[in-house]
Amino acid sequence: MTTEIPEIFREFEKYYVASKVFSKINKKVSSVLLFTYLDNCLLKFNYQNNPDIKAYLQKIETECGEFPEDGARETRIIADEMFSKLTFMFMTSEINKEMPQQYLLCSLLYSVLDGNEAMERENACLFAALKIHEIQRTGKSVQEKDIPQSSPAQTPLVHKETKYKLKNFKEKPYLYKRETALEYLKSHDIEVPQNIEYPEDFQEIIIRDLSHATNSIHHGDKERALLFLKKAKKEWLNRK
């Protein structure tokens, strides 16, 4: 799956891979993820004069077909089901080695949906994946504060009065802004190097981790902030 993806689009590979994962589980969700992949690729491509890239995008566009009716709603239902199941397992200490990856996949589903609740769930899934990985690595026991706050009993799978919609990547390709994170750090007298150059292929990942960290600081959760800062540092060291 990865070999056919041009290097310029590798940062969006997660959507393509997830689309293939869901192709045998839920066709609508698979299609939504593929459209998300295409939208991001088109935004990144910016009409560069490259016939091979153009041909690749045309191939993906053909593969997408028509956008599925109720695709966003279906994606939300599946994301909520995954979140409820994983959170129940986390709550009852039924942790297995696949859970971090499953939480990341659930986070990816929420990442394509618009709205504050979806953003909060995306954040919660990322944090849960990090905490479970840490628990598996260190052998620590599960703490109540580590578990996502919304339990299955409190979160209905379908909100009938809610209109589900996808994010408009063409209007706002990045969920978080680099300036927001850096300015928040500066306002708390934290020294920030000037003219930081983020490699283009993964700047979204770094920006998102920094923003999750500053959001955690804002809510007084230093432990959670540290986890996201460590994750950002690891990404930076691995790819720069």
# chains A, B, ... in the order shown; residues from 1 in each chain; ligands from 1
>>> residues_around(residues="Glu69 of chain A", least_positions_apart="3", cutoff="12 Å", atoms="only C-alpha atoms", output="PyMOL selection string")
chain A and resi 27-29+31-32+66+72-75+164-165
>>> write_last_selection(atoms="N, CA and C atoms", output="PDB file, in the first residue's frame")
ATOM      1  N   LYS A  27     -17.976   0.343   4.112  1.00  0.00           N
ATOM      2  CA  LYS A  27     -17.652   0.975   2.835  1.00  0.00           C
ATOM      3  C   LYS A  27     -17.762   2.496   2.897  1.00  0.00           C
ATOM      4  N   LYS A  28     -18.761   3.006   3.622  1.00  0.00           N
ATOM      5  CA  LYS A  28     -18.947   4.460   3.687  1.00  0.00           C
ATOM      6  C   LYS A  28     -17.787   5.130   4.417  1.00  0.00           C
ATOM      7  N   VAL A  29     -17.382   4.546   5.528  1.00  0.00           N
ATOM      8  CA  VAL A  29     -16.261   5.101   6.286  1.00  0.00           C
ATOM      9  C   VAL A  29     -14.982   5.021   5.459  1.00  0.00           C
ATOM     10  N   SER A  31     -14.756   5.130   2.261  1.00  0.00           N
ATOM     11  CA  SER A  31     -14.850   6.161   1.227  1.00  0.00           C
ATOM     12  C   SER A  31     -14.550   7.549   1.789  1.00  0.00           C
ATOM     13  N   VAL A  32     -15.078   7.841   2.977  1.00  0.00           N
ATOM     14  CA  VAL A  32     -14.822   9.138   3.618  1.00  0.00           C
ATOM     15  C   VAL A  32     -13.321   9.341   3.828  1.00  0.00           C
ATOM     16  N   GLU A  66     -18.378   8.447  -6.089  1.00  0.00           N
ATOM     17  CA  GLU A  66     -19.291   9.422  -5.497  1.00  0.00           C
ATOM     18  C   GLU A  66     -19.148   9.426  -3.978  1.00  0.00           C
ATOM     19  N   ALA A  72     -20.482  11.275   6.690  1.00  0.00           N
ATOM     20  CA  ALA A  72     -19.982  11.870   7.933  1.00  0.00           C
ATOM     21  C   ALA A  72     -20.690  11.267   9.145  1.00  0.00           C
ATOM     22  N   ARG A  73     -21.998  11.087   9.037  1.00  0.00           N
ATOM     23  CA  ARG A  73     -22.781  10.511  10.139  1.00  0.00           C
ATOM     24  C   ARG A  73     -22.329   9.079  10.416  1.00  0.00           C
ATOM     25  N   GLU A  74     -22.131   8.314   9.362  1.00  0.00           N
ATOM     26  CA  GLU A  74     -21.690   6.927   9.514  1.00  0.00           C
ATOM     27  C   GLU A  74     -20.305   6.864  10.158  1.00  0.00           C
ATOM     28  N   THR A  75     -19.440   7.782   9.756  1.00  0.00           N
ATOM     29  CA  THR A  75     -18.097   7.834  10.337  1.00  0.00           C
ATOM     30  C   THR A  75     -18.168   8.123  11.828  1.00  0.00           C
ATOM     31  N   TYR A 164     -24.061  15.975  11.324  1.00  0.00           N
ATOM     32  CA  TYR A 164     -22.658  15.630  11.196  1.00  0.00           C
ATOM     33  C   TYR A 164     -22.098  16.180   9.896  1.00  0.00           C
ATOM     34  N   LYS A 165     -20.894  16.684   9.946  1.00  0.00           N
ATOM     35  CA  LYS A 165     -20.248  17.142   8.720  1.00  0.00           C
ATOM     36  C   LYS A 165     -18.744  16.959   8.839  1.00  0.00           C
TER      37      LYS A 165
END
>>> residues_around(residues="segment 92-101 of chain A", least_positions_apart="4", cutoff="9 Å", atoms="only C-alpha atoms", output="list in words")
Leu86, Thr87, Phe88, Leu105, Cys106, Cys125, Leu126, Ala128, Ala129, Leu130, Lys131, Ile132, His133, Gln136, Ser141 and Val142 of chain A
>>> atom_distance(atom1="atom CA of Glu13 of chain A", atom2="atom CA of Cys41 of chain A")
9.7 Å
>>> atom_distance(atom1="atom CA of Tyr37 of chain A", atom2="atom CA of Phe12 of chain A")
6.1 Å
>>> closest_residue(among="A:Arg121, A:Arg76, A:Arg137, A:Lys85", to="Gln102 of chain A", atoms="only C-alpha atoms")
A:Lys85
>>> closest_residue(among="A:Asn116, A:Ser84, A:Ser19, A:Thr214", to="Ile60 of chain A", atoms="only C-alpha atoms")
A:Ser19
>>> closest_residue(among="A:Ser211, A:Leu108, A:Lys233, A:Lys140", to="Met82 of chain A", atoms="only C-alpha atoms")
A:Leu108
>>> atom_distance(atom1="atom CA of Asp114 of chain A", atom2="atom CA of Ala213 of chain A")
20.8 Å
>>> select_by_dssp(residues="segment 9-64 of chain A", states="helix (DSSP H, G or I)", output="ChimeraX atom specification")
/A:9-22,27-45,51-64
>>> decode(residues="segment 99-131 of chain A", atoms="N, CA and C atoms", output="mmCIF file, in the first residue's frame")
data_model
loop_
_atom_site.group_PDB
_atom_site.id
_atom_site.type_symbol
_atom_site.label_atom_id
_atom_site.label_comp_id
_atom_site.auth_asym_id
_atom_site.auth_seq_id
_atom_site.Cartn_x
_atom_site.Cartn_y
_atom_site.Cartn_z
ATOM 1 N N MET A 99 -4.329 -2.200 21.413
ATOM 2 C CA MET A 99 -5.145 -1.043 21.819
ATOM 3 C C MET A 99 -4.565 0.323 21.440
ATOM 4 N N PRO A 100 -3.254 0.554 21.596
ATOM 5 C CA PRO A 100 -2.742 1.869 21.181
ATOM 6 C C PRO A 100 -3.030 2.167 19.711
ATOM 7 N N GLN A 101 -2.815 1.173 18.850
ATOM 8 C CA GLN A 101 -3.067 1.374 17.426
ATOM 9 C C GLN A 101 -4.559 1.558 17.149
ATOM 10 N N GLN A 102 -5.403 0.845 17.896
ATOM 11 C CA GLN A 102 -6.851 0.992 17.716
ATOM 12 C C GLN A 102 -7.326 2.376 18.156
ATOM 13 N N TYR A 103 -6.750 2.886 19.236
ATOM 14 C CA TYR A 103 -7.084 4.251 19.672
ATOM 15 C C TYR A 103 -6.622 5.280 18.640
ATOM 16 N N LEU A 104 -5.462 5.048 18.035
ATOM 17 C CA LEU A 104 -4.975 5.965 17.004
ATOM 18 C C LEU A 104 -5.887 5.943 15.785
ATOM 19 N N LEU A 105 -6.386 4.762 15.442
ATOM 20 C CA LEU A 105 -7.319 4.649 14.322
ATOM 21 C C LEU A 105 -8.622 5.377 14.642
ATOM 22 N N CYS A 106 -9.092 5.232 15.874
ATOM 23 C CA CYS A 106 -10.304 5.931 16.308
ATOM 24 C C CYS A 106 -10.080 7.441 16.274
ATOM 25 N N SER A 107 -8.899 7.872 16.703
ATOM 26 C CA SER A 107 -8.551 9.293 16.656
ATOM 27 C C SER A 107 -8.578 9.816 15.227
ATOM 28 N N LEU A 108 -8.125 9.001 14.299
ATOM 29 C CA LEU A 108 -8.115 9.400 12.888
ATOM 30 C C LEU A 108 -9.531 9.622 12.369
ATOM 31 N N LEU A 109 -10.468 8.778 12.791
ATOM 32 C CA LEU A 109 -11.868 8.956 12.381
ATOM 33 C C LEU A 109 -12.413 10.282 12.902
ATOM 34 N N TYR A 110 -12.141 10.583 14.168
ATOM 35 C CA TYR A 110 -12.614 11.858 14.724
ATOM 36 C C TYR A 110 -11.928 13.047 14.058
ATOM 37 N N SER A 111 -10.694 12.853 13.592
ATOM 38 C CA SER A 111 -9.937 13.970 13.016
ATOM 39 C C SER A 111 -10.543 14.493 11.723
ATOM 40 N N VAL A 112 -11.344 13.680 11.036
ATOM 41 C CA VAL A 112 -11.945 14.140 9.776
ATOM 42 C C VAL A 112 -13.312 14.779 10.002
ATOM 43 N N LEU A 113 -13.818 14.710 11.236
ATOM 44 C CA LEU A 113 -15.133 15.268 11.549
ATOM 45 C C LEU A 113 -15.007 16.678 12.111
ATOM 46 N N ASP A 114 -15.981 17.506 11.810
ATOM 47 C CA ASP A 114 -15.981 18.882 12.286
ATOM 48 C C ASP A 114 -16.641 18.964 13.663
ATOM 49 N N GLY A 115 -16.319 20.005 14.420
ATOM 50 C CA GLY A 115 -16.977 20.223 15.703
ATOM 51 C C GLY A 115 -16.056 20.018 16.892
ATOM 52 N N ASN A 116 -16.362 20.713 17.983
ATOM 53 C CA ASN A 116 -15.531 20.655 19.189
ATOM 54 C C ASN A 116 -15.530 19.279 19.844
ATOM 55 N N GLU A 117 -16.696 18.610 19.836
ATOM 56 C CA GLU A 117 -16.769 17.294 20.481
ATOM 57 C C GLU A 117 -15.862 16.295 19.776
ATOM 58 N N ALA A 118 -15.871 16.335 18.439
ATOM 59 C CA ALA A 118 -15.000 15.435 17.680
ATOM 60 C C ALA A 118 -13.534 15.742 17.966
ATOM 61 N N MET A 119 -13.199 17.019 18.068
ATOM 62 C CA MET A 119 -11.826 17.414 18.363
ATOM 63 C C MET A 119 -11.404 16.926 19.749
ATOM 64 N N GLU A 120 -12.311 17.027 20.729
ATOM 65 C CA GLU A 120 -12.009 16.561 22.082
ATOM 66 C C GLU A 120 -11.804 15.047 22.107
ATOM 67 N N ARG A 121 -12.638 14.326 21.355
ATOM 68 C CA ARG A 121 -12.490 12.872 21.291
ATOM 69 C C ARG A 121 -11.170 12.486 20.610
ATOM 70 N N GLU A 122 -10.830 13.227 19.554
ATOM 71 C CA GLU A 122 -9.555 12.972 18.868
ATOM 72 C C GLU A 122 -8.400 13.115 19.849
ATOM 73 N N ASN A 123 -8.428 14.187 20.611
ATOM 74 C CA ASN A 123 -7.411 14.454 21.621
ATOM 75 C C ASN A 123 -7.385 13.345 22.666
ATOM 76 N N ALA A 124 -8.562 12.938 23.139
ATOM 77 C CA ALA A 124 -8.667 11.894 24.165
ATOM 78 C C ALA A 124 -8.103 10.566 23.671
ATOM 79 N N CYS A 125 -8.360 10.240 22.410
ATOM 80 C CA CYS A 125 -7.849 8.990 21.836
ATOM 81 C C CYS A 125 -6.326 9.003 21.741
ATOM 82 N N LEU A 126 -5.765 10.132 21.321
ATOM 83 C CA LEU A 126 -4.311 10.254 21.236
ATOM 84 C C LEU A 126 -3.673 10.085 22.609
ATOM 85 N N PHE A 127 -4.267 10.727 23.604
ATOM 86 C CA PHE A 127 -3.740 10.638 24.964
ATOM 87 C C PHE A 127 -3.845 9.211 25.493
ATOM 88 N N ALA A 128 -4.984 8.559 25.243
ATOM 89 C CA ALA A 128 -5.175 7.178 25.700
ATOM 90 C C ALA A 128 -4.141 6.251 25.070
ATOM 91 N N ALA A 129 -3.872 6.445 23.780
ATOM 92 C CA ALA A 129 -2.877 5.616 23.093
ATOM 93 C C ALA A 129 -1.499 5.791 23.728
ATOM 94 N N LEU A 130 -1.142 7.030 24.037
ATOM 95 C CA LEU A 130 0.141 7.306 24.680
ATOM 96 C C LEU A 130 0.219 6.680 26.073
ATOM 97 N N LYS A 131 -0.875 6.803 26.847
ATOM 98 C CA LYS A 131 -0.880 6.263 28.205
ATOM 99 C C LYS A 131 -0.805 4.740 28.205
#
